[in-house]
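Enquirer: Got a structure for you, written out below as structure tokens; questions coming shortly.
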Amino acid sequence: MATVTAAVVVSQPPEHLNSFSDSDERSSTDGEDVAAVSRVSALEDSIFAAYLQISGGRSPIQDLAKIRSFLSAASGRSGPFVACLICLERIRPSDPIWSCSTGCHAIFHLHCIQNWANQCSQRPVSSSSLSLSSDWHCPKCRLSYSRSLIPRYYFCFCGKLEDPPSDPWILPHSCGEVCNRPLRGNCGHKCLLLCHPGPCPPCPKLITARCFCGSLEDVRRCSQKSFSCNLPCPRSLPCSSHRCPERCHDGPCPPCQIKGFCKCSCGKTEEERVCAERGFRCDRSCSGLLSCGKHNCSRGCHSGHCGDCPLQGRRTCPCGKKEYKGVSCDADVPTCGSTCEKVLSCGLHRCPERCHRGPCVETCRTVVLKCCRCGSLKKEVPCYQDLNCERKCLRMRDCGRHACKHRCCNGECPSCQEICGRKLRCNNHKCPSLCHRGSCAPCPLMVTISCFCGETYFEVPCGVEKNQKPPKCPKSCNVPRLCRHKFEGRSHKCHYGACPPCRMMCGEELPCGHSCKQRCHGPMPPPNPEFTLKPKKKKVERSTGCTPESSCPPCQEIIWVTCLGQHVGEERQMVCSKKVRFSCQNLCGNLLSCGNHYCTKSCHTLKYHPSTLDEGGKDGFALDQVFVDSGSELAESCEDCFLPCQKAREPACLHPCPQLCHSGNCPPCEVLLKRSCHCGAMVHVFKCIYYNGLSGEEQQRVRSCRGPCHRKLPNCPHLCSDICHPGECPSIVQCLKKVTVRCACNNLKKEWLCCDVQSVYRDAGRDAKDVAKSQFGIGLIPCNAECASKVKANTEVQIRKVKIPQDTGIVDVAGPKQRKRRERVQAVQQISKFQALSSFLKRCLFFAFIFLVVCSFVYYGYKGLFLLSDWMYEMEERRITKGFSRY
């Protein structure tokens with residue numbers, strides 16, 4: 001079984017052994033490497049001292065190589081480290097751990113293995129499970145452990161000390177004492193190493209032992225006490241005729257393979273067979289007589305006596321109820337005539353036929369009431385027939401992800417047979433196990449990480465390789481240099497990727513007069529592939545640079561180059577051989593033809609017509625003096641201005657200029673404005689230039705409609721009588737219109753001026769605005785004696801017209817239908833007792849009828865559901881009887 005730890009195979013051990021500190025960084029100095037190597041050597045010497053002393057120093061590397069790899073990984077230091085296969089995190093020297101001491105010796109975090117064991121032990125056990133004692137297993141080797149062995153505490157490797165202290169001078173997770181664990185083979189000796197990870201080494205003690213056949217006695221190590229002397233085996237084979245042809249070996253001797261002619265058990269057939277198969281049986285039947293002398297033997301080829309006749313002794317009828325004495329074995333026993341009553345194959349009913357020879361009927365046809373396996377259907381069927389319903393089981397299987405979906409399941413759902421397929425913690429592979437609960441087992445694969453040349457490498461569990469770096473190889477890089485300094489440069493170590501460039505200066509003189517001040521610019525060797533565990537197939541582009549005797553590259557001196565627009569302060573430094581005109585990415589900034597905006601293009605060379613080259617630019621400078629490259633191919637004209645005009649109009653108005661951006665003044669505004677007159681009777685339309693050119697008084701004058709004002713006065717129900725004017729109406733208090741004034745009973749009336757009516761209301765303490773239009777002027781004249789007599793006469797006339805009964809109630813219904821309609825009084829006639837009684841009986845009969853309809857609907861609907869259920873059950877029986885079931 002491969003170990004979980006990261007085993008390092010190093011070409012030079014002093015550069016790759018792990019130091020025993022908690023830091024993850026590698027030492028970069030030779031002094032620290034020497035100190036780490038000496039510390040590791042001293043630790044190993046102290047652990048293996050007792051073992052090497054007893055073994056005499058003979059072949060310790062073969063016995064201790066595996067333990068050395070465990071020690072290197074369990075230290076948790078720089079370089080390859082041990083990782084927990086459950087969480088894929090590094091196991092540090094101070095972390096509580098648990099190791100599989102009886103299996104693969106893998107190391108896990110204590111809390112990780114506790115969670116793993118609890119999840120495995122809480123998983124429901126199916127009825128088809130064979131092993132009920134093993135509740136959880138090791139994630140690496142799948143070795144089963146009982147639930148009582150779930151780790152609760154942190155122990156050292158040998159299990160003697162709980163919570164071992166962290167000591168920098170002993171192995172992490174170790175107690176520092178002698179292991180004393182029993183060695184393999186049950187030899188009776190114990191491990192002499194100090195507390196260590198991994199398996200214990202073979203027993204080194206010397207004992208006197210014999211070989212497998214017992215012919216030779218020798219002094220050997222206890223772990224190698226079982227040996228072969230390589231002499232012929234002196235033991236006889238099971239055939240007792242030949243000796244074992246092999247040399248001294250362990251275990252029983254093999255079957256004899258010497259061929260010869262052998263007879264079968266009955267002695268009738270003779271064949272050539274090996275000696276180990278001489279007791280064979282032929283295909284002939286035995287023709288001998290039984291002890292009765294009347295019947296032949298029915299057995300096949302056999303040796304010895306044929307046996308007694310089975311028909312001798314007590315003879316009964318076929319059903320066994322009646323016994324016949326003195327009947328010979330060759331005579332047929334008659335039937336008794338009674339019912340057979342033998343238990344049929346179902347084990348519940350008896351045979352209903354008369355006593356008969358031969359077996360009873362195999363199918364019991366007694367009709368019984370059976371229940372299907374899931375318990376959802378009960379039905380009377382023949383006893384031999386199984387009853388299964390069509391209901392699918394919806395219980396979840398033991399995996400907790402998939403439903404059972406078996407028809408008529410008895411509750412013992414089988415284990416899920418689908419592949420889990422979930423991604424493992426390594427994120428590289430999927431779980432190949434059957435669908436299960438809890439976490440998936442860790443990925444069992446190991447990944448090898450090596451240097452480029454492959455001489456130095458180590459192995460880590462799958463999933464940990466993402467955080468690993470390739471090991472440092474002490475060997476020199478075997479890629480030859482191609483530049484002219486290949487014999488002068490220093491060699492470098494094995495690496496991934498491209499080789500470091502040559503750092504020597506070129507120094508050759510260039511055609512321009514400068515000397516080449518660059519580093520060596522000769523051809524470079526093709527780069528090695530980058531470090532990756534899954535290399536991609538890419539075509540390596542080989543360098544096609546110049547040879548060492550070729551000329552130097554162009555001049556690399558730095559010069560200043562101006563931009564295309566020759567902006568101040570935008571010069572750039574460029575290589576002499578690669579100087580080009582460039583755009584500084586600033587705005588052009590030249591004034592456009594509109595005279596209001598500037599060019600927003602990026603820096604460019606201007607292009608002008610020949611007629612404009614002779615003219616002076618704006619502000620008096622000459623264009624041909626600045627833009628000397630106007631005839632080049634890169635020259636281009638400035639952009640055209642398409643922005644809207646943003647100038648302020650004169651006279652000022654809110655309407656923008658309809659033209660694009662232009663020079664000079666804007667045209668007059670011709671937009672039409674709508675303005676209502678002062679009284680709101682009509683709307684005037686003016687041009688914006690005309691209306692905004694008038695003064696404030698003139699604007700108020702032209703807005704007048706020249707007609708009477710249509711605004712209502714606030715203190716009376718009349719309109720203003722002046723010509724349309726701005727501001728408040730002048731006749732608010734001095735309204736001269738006539739108003740009809742009446743007394744309270746509307747008998748007397750007079751005509752007053754509206755201003756007098758308003759003054760009366762003000763004297764009375766009332767506001768004329770609160771008086772309704774229909775009540776304006778009413779009640780201002782006092783009533784006289786004539787008014788009282790007229791009111792009395794009108795009242796008597798109304799009493800004669802309307803007779804009000806004294807015994808019945810009067811209902812006055814006053815509803816204003818129109819504004820000027822008077823109130824009316826309607827009398828309600830008295831309802832008789834007979835009419836009230838008849839209306840009450842009609843209501844009672846109506847509610848009784850509704851109640852009967854509801855009761856009958858509920859009764860017949862409930863009964864109809866039962867009839868529908870019986871009909872459906874009858875149709876189901878007919879379908880089963882006619883054989884129309886789906887399965």
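FYI, nothing fancy with the structure tokens labels: chains A, B, ... in order, residues from 1 per chain, ligands from 1 as they appear.
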Would you pick out the contacts of Cys409 of chain A at 6 Å or less, using only C-alpha atoms, so that residues sharing its chain but fewer than 2 positions from it are not included, and give the list as number ranges by chain?
Expert: A: 374, 393, 406-407, 411
Enquirer: Could you save those same residues with all heavy atoms as an mmCIF file, in the first residue's frame?
Expert:
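Dumped everything to again-v9.cif:
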data_model
loop_
_atom_site.group_PDB
_atom_site.id
_atom_site.type_symbol
_atom_site.label_atom_id
_atom_site.label_comp_id
_atom_site.auth_asym_id
_atom_site.auth_seq_id
_atom_site.Cartn_x
_atom_site.Cartn_y
_atom_site.Cartn_z
ATOM 1 N N CYS A 374 -46.063 -3.554 -0.237
ATOM 2 C CA CYS A 374 -45.987 -2.214 0.361
ATOM 3 C C CYS A 374 -47.194 -1.896 1.225
ATOM 4 O O CYS A 374 -47.205 -0.877 1.906
ATOM 5 C CB CYS A 374 -45.833 -1.161 -0.736
ATOM 6 S SG CYS A 374 -47.252 -1.019 -1.847
ATOM 7 N N CYS A 393 -42.137 3.075 -5.076
ATOM 8 C CA CYS A 393 -41.612 3.455 -3.768
ATOM 9 C C CYS A 393 -40.868 4.786 -3.891
ATOM 10 O O CYS A 393 -40.011 4.947 -4.764
ATOM 11 C CB CYS A 393 -40.674 2.377 -3.229
ATOM 12 S SG CYS A 393 -39.965 2.770 -1.618
ATOM 13 N N HIS A 406 -38.895 1.400 -6.965
ATOM 14 C CA HIS A 406 -39.303 0.026 -7.241
ATOM 15 C C HIS A 406 -40.816 -0.093 -7.045
ATOM 16 O O HIS A 406 -41.375 0.530 -6.135
ATOM 17 C CB HIS A 406 -38.581 -0.939 -6.299
ATOM 18 C CG HIS A 406 -37.173 -1.234 -6.744
ATOM 19 N ND1 HIS A 406 -36.436 -2.280 -6.266
ATOM 20 C CD2 HIS A 406 -36.363 -0.600 -7.635
ATOM 21 C CE1 HIS A 406 -35.259 -2.294 -6.831
ATOM 22 N NE2 HIS A 406 -35.177 -1.269 -7.655
ATOM 23 N N ARG A 407 -41.438 -0.889 -7.856
ATOM 24 C CA ARG A 407 -42.884 -1.059 -7.742
ATOM 25 C C ARG A 407 -43.190 -2.001 -6.592
ATOM 26 O O ARG A 407 -42.567 -3.058 -6.460
ATOM 27 C CB ARG A 407 -43.467 -1.598 -9.045
ATOM 28 C CG ARG A 407 -43.264 -0.639 -10.227
ATOM 29 C CD ARG A 407 -44.001 -1.125 -11.458
ATOM 30 N NE ARG A 407 -43.731 -0.253 -12.602
ATOM 31 C CZ ARG A 407 -44.373 0.870 -12.859
ATOM 32 N NH1 ARG A 407 -45.329 1.253 -12.034
ATOM 33 N NH2 ARG A 407 -44.069 1.612 -13.920
ATOM 34 N N GLY A 411 -40.303 -2.036 1.638
ATOM 35 C CA GLY A 411 -39.613 -1.198 2.607
ATOM 36 C C GLY A 411 -38.135 -1.470 2.706
ATOM 37 O O GLY A 411 -37.373 -0.641 3.222
#
Enquirer: Extract the full set of strand (DSSP E or B) residues from segment 299-425 of chain A according to DSSP on the backbone, and format it as an MDAnalysis selection string.
Expert: chainID A and resid 315:316 323:324 339 343 350 354 367:371 378:382 392 396 403 407 419 423
Enquirer: Can you list, as a list of chain:residue names, every protein, DNA or RNA residue that comes within 7 Å of Leu143 of chain A when you count only C-alpha atoms, leaving out same-chain residues fewer than 5 positions away?
Expert: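 Residues meeting the cut-off are A:Gly103, A:His137, A:Cys138.
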Enquirer: May I have the selected residues written with N, CA and C atoms, as a compact mmCIF listing (two decimals), in the first residue's frame?
Expert:
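Everything below was put into result-v1.txt:
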# COMPACT_ATOMS: atom_id res chain seq x y z
N GLY A 103 -2.87 -0.22 9.42
CA GLY A 103 -3.05 -0.35 7.98
C GLY A 103 -1.96 0.34 7.21
N HIS A 137 -14.20 3.32 8.28
CA HIS A 137 -12.99 2.78 7.66
C HIS A 137 -11.99 3.91 7.46
N CYS A 138 -10.75 3.51 7.27
CA CYS A 138 -9.68 4.46 7.00
C CYS A 138 -9.87 5.06 5.62
Enquirer: When you look at Lys140 of chain A with a cut-off of 9 Å (counting only C-alpha atoms), what residues show up, excluding the ones that are within fewer than 2 positions of it in the same chain? I need them as an MDAnalysis selection string.
Expert: chainID A and resid 3:4 85 100 103:104 106 137:138 142:143 441:444
Enquirer: Tell me, as number ranges by chain, which residues lie within 12 Å of Gln556 of chain A, counting only C-alpha atoms; anything in the same chain fewer than 4 positions away does not count.
Expert: A: 509-519, 552, 573-579
Enquirer: Those same residues - N, CA, C and O atoms - I'd like them written as a PDB file, in the first residue's frame.
Expert:
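Generated output (out-v1.pdb):
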ATOM      1  N   GLU A 509      31.196  48.887 -32.412  1.00  0.00           N
ATOM      2  CA  GLU A 509      30.888  50.201 -32.949  1.00  0.00           C
ATOM      3  C   GLU A 509      29.844  50.074 -34.050  1.00  0.00           C
ATOM      4  O   GLU A 509      29.980  49.233 -34.949  1.00  0.00           O
ATOM      5  N   LEU A 510      28.827  50.950 -34.017  1.00  0.00           N
ATOM      6  CA  LEU A 510      27.728  50.913 -34.970  1.00  0.00           C
ATOM      7  C   LEU A 510      28.047  51.824 -36.156  1.00  0.00           C
ATOM      8  O   LEU A 510      28.933  52.696 -36.074  1.00  0.00           O
ATOM      9  N   PRO A 511      27.340  51.688 -37.314  1.00  0.00           N
ATOM     10  CA  PRO A 511      27.599  52.555 -38.482  1.00  0.00           C
ATOM     11  C   PRO A 511      27.348  54.028 -38.213  1.00  0.00           C
ATOM     12  O   PRO A 511      27.958  54.888 -38.855  1.00  0.00           O
ATOM     13  N   CYS A 512      26.472  54.333 -37.260  1.00  0.00           N
ATOM     14  CA  CYS A 512      26.171  55.732 -36.969  1.00  0.00           C
ATOM     15  C   CYS A 512      27.253  56.388 -36.125  1.00  0.00           C
ATOM     16  O   CYS A 512      27.197  57.602 -35.878  1.00  0.00           O
ATOM     17  N   GLY A 513      28.250  55.669 -35.686  1.00  0.00           N
ATOM     18  CA  GLY A 513      29.327  56.224 -34.889  1.00  0.00           C
ATOM     19  C   GLY A 513      29.228  55.911 -33.418  1.00  0.00           C
ATOM     20  O   GLY A 513      30.183  56.135 -32.677  1.00  0.00           O
ATOM     21  N   HIS A 514      28.074  55.423 -32.949  1.00  0.00           N
ATOM     22  CA  HIS A 514      27.929  55.073 -31.546  1.00  0.00           C
ATOM     23  C   HIS A 514      28.397  53.636 -31.328  1.00  0.00           C
ATOM     24  O   HIS A 514      28.379  52.819 -32.247  1.00  0.00           O
ATOM     25  N   SER A 515      28.753  53.369 -30.112  1.00  0.00           N
ATOM     26  CA  SER A 515      29.109  52.001 -29.735  1.00  0.00           C
ATOM     27  C   SER A 515      27.888  51.306 -29.160  1.00  0.00           C
ATOM     28  O   SER A 515      27.043  51.928 -28.505  1.00  0.00           O
ATOM     29  N   CYS A 516      27.793  49.992 -29.399  1.00  0.00           N
ATOM     30  CA  CYS A 516      26.640  49.206 -28.921  1.00  0.00           C
ATOM     31  C   CYS A 516      26.754  49.042 -27.413  1.00  0.00           C
ATOM     32  O   CYS A 516      27.660  48.364 -26.912  1.00  0.00           O
ATOM     33  N   LYS A 517      25.875  49.682 -26.693  1.00  0.00           N
ATOM     34  CA  LYS A 517      25.912  49.655 -25.230  1.00  0.00           C
ATOM     35  C   LYS A 517      24.911  48.671 -24.625  1.00  0.00           C
ATOM     36  O   LYS A 517      24.680  48.684 -23.426  1.00  0.00           O
ATOM     37  N   GLN A 518      24.303  47.867 -25.452  1.00  0.00           N
ATOM     38  CA  GLN A 518      23.334  46.897 -24.938  1.00  0.00           C
ATOM     39  C   GLN A 518      24.052  45.656 -24.433  1.00  0.00           C
ATOM     40  O   GLN A 518      25.230  45.424 -24.709  1.00  0.00           O
ATOM     41  N   ARG A 519      23.270  44.847 -23.700  1.00  0.00           N
ATOM     42  CA  ARG A 519      23.801  43.559 -23.297  1.00  0.00           C
ATOM     43  C   ARG A 519      23.879  42.658 -24.511  1.00  0.00           C
ATOM     44  O   ARG A 519      23.389  42.982 -25.581  1.00  0.00           O
ATOM     45  N   CYS A 552      25.565  44.038 -35.323  1.00  0.00           N
ATOM     46  CA  CYS A 552      24.751  44.434 -34.170  1.00  0.00           C
ATOM     47  C   CYS A 552      23.411  44.979 -34.652  1.00  0.00           C
ATOM     48  O   CYS A 552      23.256  45.371 -35.811  1.00  0.00           O
ATOM     49  N   GLN A 573      11.348  60.746 -26.034  1.00  0.00           N
ATOM     50  CA  GLN A 573      12.623  60.099 -26.273  1.00  0.00           C
ATOM     51  C   GLN A 573      12.400  58.828 -27.085  1.00  0.00           C
ATOM     52  O   GLN A 573      11.575  57.996 -26.717  1.00  0.00           O
ATOM     53  N   MET A 574      13.108  58.669 -28.168  1.00  0.00           N
ATOM     54  CA  MET A 574      12.979  57.504 -29.036  1.00  0.00           C
ATOM     55  C   MET A 574      14.359  56.977 -29.389  1.00  0.00           C
ATOM     56  O   MET A 574      15.369  57.684 -29.304  1.00  0.00           O
ATOM     57  N   VAL A 575      14.344  55.720 -29.795  1.00  0.00           N
ATOM     58  CA  VAL A 575      15.576  55.094 -30.268  1.00  0.00           C
ATOM     59  C   VAL A 575      15.932  55.716 -31.612  1.00  0.00           C
ATOM     60  O   VAL A 575      15.070  55.985 -32.454  1.00  0.00           O
ATOM     61  N   CYS A 576      17.180  55.909 -31.800  1.00  0.00           N
ATOM     62  CA  CYS A 576      17.640  56.604 -33.004  1.00  0.00           C
ATOM     63  C   CYS A 576      17.208  55.897 -34.275  1.00  0.00           C
ATOM     64  O   CYS A 576      16.806  56.521 -35.251  1.00  0.00           O
ATOM     65  N   SER A 577      17.257  54.581 -34.277  1.00  0.00           N
ATOM     66  CA  SER A 577      16.913  53.828 -35.482  1.00  0.00           C
ATOM     67  C   SER A 577      15.413  53.649 -35.656  1.00  0.00           C
ATOM     68  O   SER A 577      14.980  53.152 -36.689  1.00  0.00           O
ATOM     69  N   LYS A 578      14.612  54.041 -34.679  1.00  0.00           N
ATOM     70  CA  LYS A 578      13.178  53.817 -34.737  1.00  0.00           C
ATOM     71  C   LYS A 578      12.376  55.102 -34.527  1.00  0.00           C
ATOM     72  O   LYS A 578      11.238  55.059 -34.062  1.00  0.00           O
ATOM     73  N   LYS A 579      12.969  56.217 -34.843  1.00  0.00           N
ATOM     74  CA  LYS A 579      12.252  57.464 -34.610  1.00  0.00           C
ATOM     75  C   LYS A 579      11.150  57.635 -35.657  1.00  0.00           C
ATOM     76  O   LYS A 579      11.353  57.412 -36.852  1.00  0.00           O
TER      77      LYS A 579
END
Enquirer: I'd like to know which residues of segment 561-716 of chain A are alpha helix (DSSP H) (by DSSP, run on the backbone); could you write them as a PyMOL selection string?
Expert: chain A and resi 610-613+688-692+696-702
Enquirer: Okay, now the selection with N, CA and C atoms, as a PDB file, in the first residue's frame?
Expert:
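For reference, selection31.pdb as written:
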ATOM      1  N   PRO A 610      -3.916  76.018 -50.846  1.00  0.00           N
ATOM      2  CA  PRO A 610      -2.843  76.991 -51.179  1.00  0.00           C
ATOM      3  C   PRO A 610      -3.266  78.421 -50.950  1.00  0.00           C
ATOM      4  N   SER A 611      -4.570  78.752 -51.107  1.00  0.00           N
ATOM      5  CA  SER A 611      -5.032  80.130 -50.932  1.00  0.00           C
ATOM      6  C   SER A 611      -4.928  80.578 -49.495  1.00  0.00           C
ATOM      7  N   THR A 612      -5.070  79.651 -48.544  1.00  0.00           N
ATOM      8  CA  THR A 612      -5.025  80.011 -47.126  1.00  0.00           C
ATOM      9  C   THR A 612      -3.628  79.974 -46.560  1.00  0.00           C
ATOM     10  N   LEU A 613      -2.675  79.343 -47.301  1.00  0.00           N
ATOM     11  CA  LEU A 613      -1.319  79.276 -46.767  1.00  0.00           C
ATOM     12  C   LEU A 613      -0.663  80.650 -46.733  1.00  0.00           C
ATOM     13  N   CYS A 688     -41.789  86.772 -31.336  1.00  0.00           N
ATOM     14  CA  CYS A 688     -40.907  86.925 -30.166  1.00  0.00           C
ATOM     15  C   CYS A 688     -40.103  88.222 -30.280  1.00  0.00           C
ATOM     16  N   ILE A 689     -39.592  88.559 -31.479  1.00  0.00           N
ATOM     17  CA  ILE A 689     -38.775  89.754 -31.627  1.00  0.00           C
ATOM     18  C   ILE A 689     -39.590  91.018 -31.383  1.00  0.00           C
ATOM     19  N   TYR A 690     -40.889  91.021 -31.786  1.00  0.00           N
ATOM     20  CA  TYR A 690     -41.760  92.191 -31.581  1.00  0.00           C
ATOM     21  C   TYR A 690     -42.152  92.338 -30.121  1.00  0.00           C
ATOM     22  N   TYR A 691     -42.566  91.186 -29.481  1.00  0.00           N
ATOM     23  CA  TYR A 691     -43.100  91.266 -28.116  1.00  0.00           C
ATOM     24  C   TYR A 691     -41.988  91.596 -27.129  1.00  0.00           C
ATOM     25  N   ASN A 692     -40.815  90.951 -27.261  1.00  0.00           N
ATOM     26  CA  ASN A 692     -39.723  91.210 -26.321  1.00  0.00           C
ATOM     27  C   ASN A 692     -39.080  92.576 -26.558  1.00  0.00           C
ATOM     28  N   GLY A 696     -42.498  97.252 -20.674  1.00  0.00           N
ATOM     29  CA  GLY A 696     -43.488  96.583 -19.847  1.00  0.00           C
ATOM     30  C   GLY A 696     -44.866  97.200 -19.997  1.00  0.00           C
ATOM     31  N   GLU A 697     -44.959  98.523 -20.061  1.00  0.00           N
ATOM     32  CA  GLU A 697     -46.265  99.177 -20.208  1.00  0.00           C
ATOM     33  C   GLU A 697     -46.869  98.884 -21.577  1.00  0.00           C
ATOM     34  N   GLU A 698     -46.020  98.888 -22.600  1.00  0.00           N
ATOM     35  CA  GLU A 698     -46.542  98.593 -23.935  1.00  0.00           C
ATOM     36  C   GLU A 698     -47.030  97.147 -24.037  1.00  0.00           C
ATOM     37  N   GLN A 699     -46.313  96.194 -23.361  1.00  0.00           N
ATOM     38  CA  GLN A 699     -46.769  94.794 -23.380  1.00  0.00           C
ATOM     39  C   GLN A 699     -48.129  94.659 -22.706  1.00  0.00           C
ATOM     40  N   GLN A 700     -48.370  95.405 -21.591  1.00  0.00           N
ATOM     41  CA  GLN A 700     -49.670  95.342 -20.943  1.00  0.00           C
ATOM     42  C   GLN A 700     -50.755  95.981 -21.830  1.00  0.00           C
ATOM     43  N   ARG A 701     -50.384  97.019 -22.587  1.00  0.00           N
ATOM     44  CA  ARG A 701     -51.380  97.690 -23.426  1.00  0.00           C
ATOM     45  C   ARG A 701     -51.790  96.804 -24.597  1.00  0.00           C
ATOM     46  N   VAL A 702     -50.800  96.139 -25.253  1.00  0.00           N
ATOM     47  CA  VAL A 702     -51.164  95.340 -26.437  1.00  0.00           C
ATOM     48  C   VAL A 702     -51.900  94.068 -26.046  1.00  0.00           C
TER      49      VAL A 702
END
Enquirer: Taking 4 positions as the minimum chain separation for residues in the same chain, which residues sit within 9 Å of Cys705 of chain A when counting only C-alpha atoms? Answer as a ChimeraX atom specification.
Expert: /A:676-684,709,723-725
Enquirer: What's the separation between atom CA of Ser721 of chain A and atom CA of Pro708 of chain A, in Å to one decimal place?
Expert: 6.2 Å
Enquirer: If we count only C-alpha atoms and set the cut-off at 12 Å, which residues sit around Val361 of chain A, ignoring sequence neighbours fewer than 4 positions away in its own chain? Please answer as a list in words.
Expert: Cys340, Glu341, Lys342, Val343, Leu344, Ser345, Cys346, His349, Arg350, Cys351, Pro352, Glu353, His356, Arg357, Arg365, Thr366 and Tyr384 of chain A
Enquirer: Could you jot down the atom CA of Val460 of chain A to atom CA of Arg425 of chain A separation for me, Å, one decimal place?
Expert: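 Between these atoms lies a distance of 14.2 Å.
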